[in-house]
Amino acid sequence: MGEMITFEQATAIVLGSARYLGDERVPLSACLGRVLAADARADLDLPPFDKSAMDGFACRRADLPGPLVVVATVAAGATPTAALAPRQCARIMTGAPIPRGADCVVKFEDAEVLPDGTVRSGVAARSDNICRQGEDARRGGTVLPRGTRIGPQHVAVLATVGCAQVPVARRPRVAILATGDELVPVDARPAPGQIRNSNGPQLEAQALAAGVLPAVYGPVRDDREDLTRALRQAAAEHDVVLLSGGVSEGDFDLVPQAMQDVGLVIRFDRVAVKPGRPTTFAVGPDVWCFGLPGNPVSTFLQFEFLVKPLLRRLMGCDREPPVVTARLAGPVSRRHADRESWLPVMLTDAGDAQPLEYHGSGHINALWRADGIIAVPAGTKSLAKGALVRVRPLSATH
Ligand code: AMP
Ligand code: MG
């Protein structure tokens, strides 16, 4: 067994081992949740022409308050019309190109049409109500950097710049192997001594939410040969292998042994964090393998904070979700302070971190309303109400 390292050290080892897995192209309609593999650039100025931000009258500011003679109507989609001469105006619709000569748009609400058909504006025009060509982006400029995880707002940007085929990072193939003789499938009623395999479906869901391709195997029995066979095949066919269970110091915790049997090199196997102490990380030439502790909260959090950052790096994304600072809405305390410990909190409407009832690493239903996790540092036994804490978001719960 190796030496105990801090979670920061574990993170540095895991991320330091990452390598970009390459890219492919997908249609715009299939890029949601993928990671952009090349900067998206504007192929035109955005907006491509000076356009009206309002329905109103395009005119010269110097001619206001009028009266102005209406000489044209410009609809969205129209091509530029003749230039406006002094004391002329054009009815113009939102999104329509501004006629030459005009330098502002008076909203219909701010204008009065006189009986003779001319237009007056009683209200001094504050804004010119024009979206200027290129004010959002210049032709050739980057509108989305590579490494962006594509959400609906990014789809809109890609559509705007004409990106019909989107370069995206290849999704890591992730094998999920739950281990344990006590595990029964979700649709079975556990006999005495048995429990349902929740880590398998949970890890599959976490992998899907992280934008990678999960393949679920097992559960695998606590048998060295079965485990070695399953792990060898999983490692050969996937980029990442996630095992749950079998990494503690029990008589049937055979995962580290199996990792070595299939030729993986263990980089660490003890992390000074609670939950998750026996988290084990091993690498092969083309595979990253995690032995996650069997307790569901450990598996869940180690995936969120250790595995997910690696998956992002494999896809060329190195931005982590922002950590927010909040005040504790109530005190927290613990008996042992030998390791950093992670506790679930909920953010209140006032932005404070409310500690949630939590019985330890088996208590997976404590997380249902957790917005994030706070870390109580090693050596600290309690934190008072009002203490400033850093909250790592649990995006998978939203
Ligand atoms: P282990 O790491 O194998 O010693 O397991 C630690 C604890 O987690 C035990 O109480 C196991 O029963 C539980 N556990 C292990 N694997 C799973 C799983 N796939 N789903 C739910 N609980 C599990
Ligand atoms: Mg076990």
# chains A, B, ... in the order shown; residues from 1 in each chain; ligands from 1
>>> residues_around(residues="range 266-280 of chain A", least_positions_apart="5", cutoff="6 Å", atoms="only C-alpha atoms", output="ChimeraX atom specification")
/A:4-7,247-248,290-293,298,339-341,361
>>> write_last_selection(atoms="C-alpha atoms", output="CSV table (one decimal), in the first residue's frame")
chain,number,residue,atom,x,y,z
A,4,MET,CA,-1.5,8.6,2.1
A,5,ILE,CA,-1.7,11.8,0.0
A,6,THR,CA,-3.9,14.8,0.1
A,7,PHE,CA,-6.9,15.2,-2.2
A,247,VAL,CA,-10.6,-1.2,-2.5
A,248,SER,CA,-10.6,-1.2,1.4
A,290,PHE,CA,-10.3,4.2,-10.7
A,291,GLY,CA,-11.0,1.9,-7.8
A,292,LEU,CA,-13.8,3.9,-6.1
A,293,PRO,CA,-14.8,2.9,-2.5
A,298,SER,CA,-17.8,8.0,-1.6
A,339,ARG,CA,-8.5,13.9,7.4
A,340,GLU,CA,-10.3,16.6,5.3
A,341,SER,CA,-13.9,15.8,5.4
A,361,SER,CA,-20.6,7.6,3.4
>>> closest_atom_pairs(of="chain A", to="ligand 1", cutoff="10 Å", atoms="only C-alpha atoms and all ligand atoms", output="Markdown table")
| residue | atom | partner | partner_atom_place_in_ligand_line | distance |
| --- | --- | --- | --- | --- |
| A:Leu177 | CA | ligand 1 | 19 (N) | 8.4 |
| A:Ala178 | CA | ligand 1 | 19 (N) | 4.8 |
| A:Thr179 | CA | ligand 1 | 16 (N) | 6.0 |
| A:Gly180 | CA | ligand 1 | 16 (N) | 5.7 |
| A:Asp181 | CA | ligand 1 | 12 (O) | 8.6 |
| A:Glu182 | CA | ligand 1 | 12 (O) | 6.3 |
| A:Leu183 | CA | ligand 1 | 19 (N) | 6.4 |
| A:Val184 | CA | ligand 1 | 19 (N) | 8.7 |
| A:Pro185 | CA | ligand 1 | 19 (N) | 9.4 |
| A:Val186 | CA | ligand 1 | 20 (N) | 9.7 |
| A:Gly193 | CA | ligand 1 | 12 (O) | 8.9 |
| A:Gln194 | CA | ligand 1 | 12 (O) | 7.8 |
| A:Ile195 | CA | ligand 1 | 12 (O) | 6.5 |
| A:Arg196 | CA | ligand 1 | 20 (N) | 6.0 |
| A:Asn197 | CA | ligand 1 | 20 (N) | 3.8 |
| A:Ser198 | CA | ligand 1 | 20 (N) | 4.0 |
| A:Asn199 | CA | ligand 1 | 19 (N) | 4.0 |
| A:Gly200 | CA | ligand 1 | 19 (N) | 5.6 |
| A:Pro201 | CA | ligand 1 | 19 (N) | 8.5 |
| A:Gln202 | CA | ligand 1 | 20 (N) | 8.6 |
| A:Leu203 | CA | ligand 1 | 19 (N) | 9.3 |
| A:Gly218 | CA | ligand 1 | 19 (N) | 9.5 |
| A:Pro219 | CA | ligand 1 | 19 (N) | 7.3 |
| A:Val220 | CA | ligand 1 | 19 (N) | 9.6 |
| A:Asp222 | CA | ligand 1 | 3 (O) | 8.6 |
| A:Leu243 | CA | ligand 1 | 19 (N) | 9.0 |
| A:Ser244 | CA | ligand 1 | 16 (N) | 5.8 |
| A:Gly245 | CA | ligand 1 | 3 (O) | 3.4 |
| A:Gly246 | CA | ligand 1 | 3 (O) | 3.9 |
| A:Val247 | CA | ligand 1 | 2 (O) | 5.4 |
| A:Ser248 | CA | ligand 1 | 4 (O) | 5.4 |
| A:Glu249 | CA | ligand 1 | 4 (O) | 7.7 |
| A:Gly250 | CA | ligand 1 | 4 (O) | 6.6 |
| A:Asp251 | CA | ligand 1 | 4 (O) | 9.4 |
| A:Phe252 | CA | ligand 1 | 3 (O) | 7.9 |
| A:Asp253 | CA | ligand 1 | 3 (O) | 6.3 |
| A:Leu254 | CA | ligand 1 | 3 (O) | 9.0 |
| A:Val255 | CA | ligand 1 | 3 (O) | 9.1 |
| A:Gly276 | CA | ligand 1 | 2 (O) | 9.5 |
| A:Pro278 | CA | ligand 1 | 2 (O) | 8.2 |
| A:Thr279 | CA | ligand 1 | 2 (O) | 9.3 |
| A:Gly291 | CA | ligand 1 | 2 (O) | 9.0 |
| A:Leu292 | CA | ligand 1 | 2 (O) | 7.4 |
| A:Pro293 | CA | ligand 1 | 2 (O) | 4.3 |
| A:Gly294 | CA | ligand 1 | 2 (O) | 3.5 |
| A:Asn295 | CA | ligand 1 | 8 (O) | 3.4 |
| A:Pro296 | CA | ligand 1 | 22 (N) | 5.5 |
| A:Val297 | CA | ligand 1 | 8 (O) | 9.0 |
| A:Ser298 | CA | ligand 1 | 8 (O) | 8.7 |
| A:Thr299 | CA | ligand 1 | 17 (C) | 8.8 |
| A:Ser361 | CA | ligand 1 | 8 (O) | 8.4 |
| A:Gly362 | CA | ligand 1 | 8 (O) | 6.8 |
| A:Ile364 | CA | ligand 1 | 21 (C) | 9.2 |
>>> residues_around(residues="range 29-38 of chain A", least_positions_apart="6", cutoff="12 Å", atoms="only C-alpha atoms", output="ChimeraX atom specification")
/A:20-23,142-156,158-159,163-172,207-213,311-319
>>> atom_distance(atom1="CA of Lys308 in chain A", atom2="CA of Pro256 in chain A")
21.2 Å
>>> closest_residue(among="A:Val123, A:Ala40, A:Val283, A:Ala90", to="Ile13 in chain A", atoms="only C-alpha atoms")
A:Val283
>>> select_by_dssp(residues="range 92-150 of chain A", states="strand (DSSP E or B)", output="PyMOL selection string")
chain A and resi 92+97+104-107+111-113+119-121+130-131+137+142-144+149
>>> write_last_selection(atoms="C-alpha atoms", output="tab-separated table (two decimals), in the first residue's frame")
chain	number	residue	atom	x	y	z
A	92	ILE	CA	-38.72	50.62	-39.58
A	97	PRO	CA	-31.37	47.46	-41.80
A	104	CYS	CA	-31.36	56.89	-34.66
A	105	VAL	CA	-34.71	55.15	-34.31
A	106	VAL	CA	-37.59	56.76	-32.42
A	107	LYS	CA	-39.85	54.07	-30.93
A	111	ALA	CA	-43.68	59.24	-31.67
A	112	GLU	CA	-46.86	61.00	-32.65
A	113	VAL	CA	-48.29	60.86	-36.17
A	119	VAL	CA	-44.20	62.41	-37.43
A	120	ARG	CA	-43.15	64.23	-34.27
A	121	SER	CA	-41.26	62.92	-31.27
A	130	ILE	CA	-29.46	50.79	-33.34
A	131	CYS	CA	-27.50	47.53	-33.03
A	137	ALA	CA	-18.32	40.13	-32.79
A	142	THR	CA	-13.46	33.89	-31.75
A	143	VAL	CA	-17.01	33.59	-30.48
A	144	LEU	CA	-16.54	30.32	-28.52
A	149	ARG	CA	-18.96	22.25	-23.06
>>> closest_residue(among="A:Gln88, A:Thr94, A:Asp223, A:Pro99", to="ligand 2", atoms="only C-alpha atoms and all ligand atoms")
A:Asp223
>>> atom_distance(atom1="CA of Gly284 in chain A", atom2="CA of Val265 in chain A")
6.4 Å
>>> residues_around(residues="range 51-53 of chain A", least_positions_apart="2", cutoff="12 Å", atoms="only C-alpha atoms", output="MDAnalysis selection string")
chainID A and resid 46:49 55:59 74:80 90:100 102:107 127:135
>>> residues_around(residues="Leu114 in chain A", least_positions_apart="6", cutoff="12 Å", atoms="only C-alpha atoms", output="VMD selection string")
chain A and resid 66 to 70 120 to 122
>>> closest_residue(among="A:Arg19, A:Arg87, A:Lys381, A:His238", to="Ala215 in chain A", atoms="only C-alpha atoms")
A:His238
>>> atom_distance(atom1="CA of Ile176 in chain A", atom2="CA of Leu242 in chain A")
4.9 Å
>>> select_by_dssp(residues="range 106-195 of chain A", states="helix (DSSP H, G or I)", output="number ranges by chain")
A: 108-110, 152-160
>>> write_last_selection(atoms="all heavy atoms", output="PDB file, in the first residue's frame")
ATOM      1  N   PHE A 108     -42.086  53.700 -31.803  1.00  0.00           N
ATOM      2  CA  PHE A 108     -43.472  54.104 -32.091  1.00  0.00           C
ATOM      3  C   PHE A 108     -44.108  54.739 -30.863  1.00  0.00           C
ATOM      4  O   PHE A 108     -44.803  55.754 -30.955  1.00  0.00           O
ATOM      5  CB  PHE A 108     -44.312  52.896 -32.529  1.00  0.00           C
ATOM      6  CG  PHE A 108     -44.061  52.458 -33.952  1.00  0.00           C
ATOM      7  CD1 PHE A 108     -44.148  51.108 -34.304  1.00  0.00           C
ATOM      8  CD2 PHE A 108     -43.766  53.381 -34.953  1.00  0.00           C
ATOM      9  CE1 PHE A 108     -43.938  50.698 -35.614  1.00  0.00           C
ATOM     10  CE2 PHE A 108     -43.556  52.977 -36.271  1.00  0.00           C
ATOM     11  CZ  PHE A 108     -43.637  51.625 -36.598  1.00  0.00           C
ATOM     12  N   GLU A 109     -43.840  54.168 -29.675  1.00  0.00           N
ATOM     13  CA  GLU A 109     -44.464  54.680 -28.443  1.00  0.00           C
ATOM     14  C   GLU A 109     -44.060  56.123 -28.163  1.00  0.00           C
ATOM     15  O   GLU A 109     -44.775  56.855 -27.475  1.00  0.00           O
ATOM     16  CB  GLU A 109     -44.063  53.850 -27.214  1.00  0.00           C
ATOM     17  CG  GLU A 109     -44.333  52.366 -27.293  1.00  0.00           C
ATOM     18  CD  GLU A 109     -43.179  51.581 -27.882  1.00  0.00           C
ATOM     19  OE1 GLU A 109     -42.964  51.712 -29.108  1.00  0.00           O
ATOM     20  OE2 GLU A 109     -42.513  50.841 -27.159  1.00  0.00           O
ATOM     21  N   ASP A 110     -42.877  56.539 -28.646  1.00  0.00           N
ATOM     22  CA  ASP A 110     -42.374  57.887 -28.360  1.00  0.00           C
ATOM     23  C   ASP A 110     -42.690  58.870 -29.493  1.00  0.00           C
ATOM     24  O   ASP A 110     -42.240  60.017 -29.478  1.00  0.00           O
ATOM     25  CB  ASP A 110     -40.847  57.855 -28.146  1.00  0.00           C
ATOM     26  CG  ASP A 110     -40.470  57.070 -26.897  1.00  0.00           C
ATOM     27  OD1 ASP A 110     -41.364  56.839 -26.052  1.00  0.00           O
ATOM     28  OD2 ASP A 110     -39.304  56.669 -26.778  1.00  0.00           O
ATOM     29  N   PRO A 152     -27.245  24.839 -24.632  1.00  0.00           N
ATOM     30  CA  PRO A 152     -28.161  25.448 -25.594  1.00  0.00           C
ATOM     31  C   PRO A 152     -27.721  26.838 -26.049  1.00  0.00           C
ATOM     32  O   PRO A 152     -27.891  27.191 -27.223  1.00  0.00           O
ATOM     33  CB  PRO A 152     -29.483  25.512 -24.821  1.00  0.00           C
ATOM     34  CG  PRO A 152     -29.376  24.396 -23.826  1.00  0.00           C
ATOM     35  CD  PRO A 152     -27.930  24.331 -23.431  1.00  0.00           C
ATOM     36  N   GLN A 153     -27.145  27.629 -25.142  1.00  0.00           N
ATOM     37  CA  GLN A 153     -26.722  28.985 -25.534  1.00  0.00           C
ATOM     38  C   GLN A 153     -25.576  28.915 -26.544  1.00  0.00           C
ATOM     39  O   GLN A 153     -25.447  29.770 -27.418  1.00  0.00           O
ATOM     40  CB  GLN A 153     -26.346  29.834 -24.306  1.00  0.00           C
ATOM     41  CG  GLN A 153     -25.151  29.359 -23.493  1.00  0.00           C
ATOM     42  CD  GLN A 153     -25.527  28.342 -22.432  1.00  0.00           C
ATOM     43  OE1 GLN A 153     -26.145  27.315 -22.721  1.00  0.00           O
ATOM     44  NE2 GLN A 153     -25.133  28.586 -21.199  1.00  0.00           N
ATOM     45  N   HIS A 154     -24.741  27.888 -26.432  1.00  0.00           N
ATOM     46  CA  HIS A 154     -23.627  27.758 -27.381  1.00  0.00           C
ATOM     47  C   HIS A 154     -24.126  27.262 -28.745  1.00  0.00           C
ATOM     48  O   HIS A 154     -23.565  27.611 -29.785  1.00  0.00           O
ATOM     49  CB  HIS A 154     -22.577  26.802 -26.816  1.00  0.00           C
ATOM     50  CG  HIS A 154     -22.149  27.174 -25.421  1.00  0.00           C
ATOM     51  ND1 HIS A 154     -22.373  26.379 -24.325  1.00  0.00           N
ATOM     52  CD2 HIS A 154     -21.572  28.304 -24.957  1.00  0.00           C
ATOM     53  CE1 HIS A 154     -21.930  26.987 -23.243  1.00  0.00           C
ATOM     54  NE2 HIS A 154     -21.438  28.158 -23.596  1.00  0.00           N
ATOM     55  N   VAL A 155     -25.183  26.450 -28.718  1.00  0.00           N
ATOM     56  CA  VAL A 155     -25.776  26.003 -29.984  1.00  0.00           C
ATOM     57  C   VAL A 155     -26.239  27.224 -30.783  1.00  0.00           C
ATOM     58  O   VAL A 155     -26.033  27.310 -31.999  1.00  0.00           O
ATOM     59  CB  VAL A 155     -26.959  25.029 -29.727  1.00  0.00           C
ATOM     60  CG1 VAL A 155     -27.714  24.737 -31.028  1.00  0.00           C
ATOM     61  CG2 VAL A 155     -26.448  23.732 -29.090  1.00  0.00           C
ATOM     62  N   ALA A 156     -26.820  28.190 -30.086  1.00  0.00           N
ATOM     63  CA  ALA A 156     -27.282  29.405 -30.773  1.00  0.00           C
ATOM     64  C   ALA A 156     -26.110  30.136 -31.424  1.00  0.00           C
ATOM     65  O   ALA A 156     -26.211  30.608 -32.560  1.00  0.00           O
ATOM     66  CB  ALA A 156     -27.984  30.329 -29.773  1.00  0.00           C
ATOM     67  N   VAL A 157     -24.992  30.215 -30.716  1.00  0.00           N
ATOM     68  CA  VAL A 157     -23.829  30.921 -31.267  1.00  0.00           C
ATOM     69  C   VAL A 157     -23.291  30.174 -32.495  1.00  0.00           C
ATOM     70  O   VAL A 157     -22.982  30.784 -33.528  1.00  0.00           O
ATOM     71  CB  VAL A 157     -22.725  31.070 -30.189  1.00  0.00           C
ATOM     72  CG1 VAL A 157     -21.485  31.718 -30.789  1.00  0.00           C
ATOM     73  CG2 VAL A 157     -23.243  31.885 -29.010  1.00  0.00           C
ATOM     74  N   LEU A 158     -23.212  28.849 -32.373  1.00  0.00           N
ATOM     75  CA  LEU A 158     -22.714  28.053 -33.508  1.00  0.00           C
ATOM     76  C   LEU A 158     -23.621  28.228 -34.724  1.00  0.00           C
ATOM     77  O   LEU A 158     -23.152  28.353 -35.864  1.00  0.00           O
ATOM     78  CB  LEU A 158     -22.617  26.574 -33.103  1.00  0.00           C
ATOM     79  CG  LEU A 158     -21.557  26.272 -32.031  1.00  0.00           C
ATOM     80  CD1 LEU A 158     -21.743  24.863 -31.459  1.00  0.00           C
ATOM     81  CD2 LEU A 158     -20.152  26.419 -32.612  1.00  0.00           C
ATOM     82  N   ALA A 159     -24.924  28.246 -34.475  1.00  0.00           N
ATOM     83  CA  ALA A 159     -25.874  28.444 -35.581  1.00  0.00           C
ATOM     84  C   ALA A 159     -25.661  29.823 -36.212  1.00  0.00           C
ATOM     85  O   ALA A 159     -25.647  29.959 -37.443  1.00  0.00           O
ATOM     86  CB  ALA A 159     -27.308  28.309 -35.065  1.00  0.00           C
ATOM     87  N   THR A 160     -25.454  30.827 -35.375  1.00  0.00           N
ATOM     88  CA  THR A 160     -25.286  32.209 -35.868  1.00  0.00           C
ATOM     89  C   THR A 160     -24.088  32.336 -36.805  1.00  0.00           C
ATOM     90  O   THR A 160     -24.134  33.077 -37.775  1.00  0.00           O
ATOM     91  CB  THR A 160     -25.122  33.167 -34.663  1.00  0.00           C
ATOM     92  OG1 THR A 160     -26.264  33.020 -33.821  1.00  0.00           O
ATOM     93  CG2 THR A 160     -25.007  34.608 -35.104  1.00  0.00           C
TER      94      THR A 160
END
>>> residues_around(residues="range 347-355 of chain A", least_positions_apart="4", cutoff="6 Å", atoms="only C-alpha atoms", output="ChimeraX atom specification")
/A:326-329
>>> write_last_selection(atoms="C-alpha atoms", output="CSV table (one decimal), in the first residue's frame")
chain,number,residue,atom,x,y,z
A,326,ALA,CA,-20.8,31.3,1.6
A,327,ARG,CA,-21.5,31.6,5.3
A,328,LEU,CA,-22.5,28.6,7.3
A,329,ALA,CA,-26.2,28.8,8.3
>>> closest_residue(among="A:Val216, A:Phe281, A:Arg221, A:Lys385", to="ligand 2", atoms="only C-alpha atoms and all ligand atoms")
A:Arg221
>>> residues_around(residues="Val332 in chain A", least_positions_apart="6", cutoff="7 Å", atoms="only C-alpha atoms", output="short mmCIF file (atom, residue, chain, number, x, y, z; two decimals) with all heavy atoms, in the first residue's frame")
data_model
loop_
_atom_site.label_atom_id
_atom_site.label_comp_id
_atom_site.auth_asym_id
_atom_site.auth_seq_id
_atom_site.Cartn_x
_atom_site.Cartn_y
_atom_site.Cartn_z
N SER A 382 -14.43 21.65 14.29
CA SER A 382 -15.75 22.27 14.15
C SER A 382 -15.65 23.62 13.45
O SER A 382 -14.59 24.25 13.43
CB SER A 382 -16.38 22.45 15.54
OG SER A 382 -15.58 23.31 16.31
N LEU A 383 -16.76 23.99 12.87
CA LEU A 383 -16.88 25.31 12.24
C LEU A 383 -18.13 25.96 12.80
O LEU A 383 -19.18 25.31 12.90
CB LEU A 383 -17.00 25.18 10.71
CG LEU A 383 -15.77 24.65 9.95
CD1 LEU A 383 -16.13 24.38 8.49
CD2 LEU A 383 -14.63 25.66 10.03
N ALA A 384 -18.01 27.22 13.18
CA ALA A 384 -19.15 27.91 13.81
C ALA A 384 -20.12 28.40 12.75
O ALA A 384 -19.76 28.62 11.59
CB ALA A 384 -18.63 29.08 14.63
#
>>> closest_residue(among="A:Ala10, A:Leu227, A:Gly16, A:Pro115", to="ligand 2", atoms="only C-alpha atoms and all ligand atoms")
A:Leu227
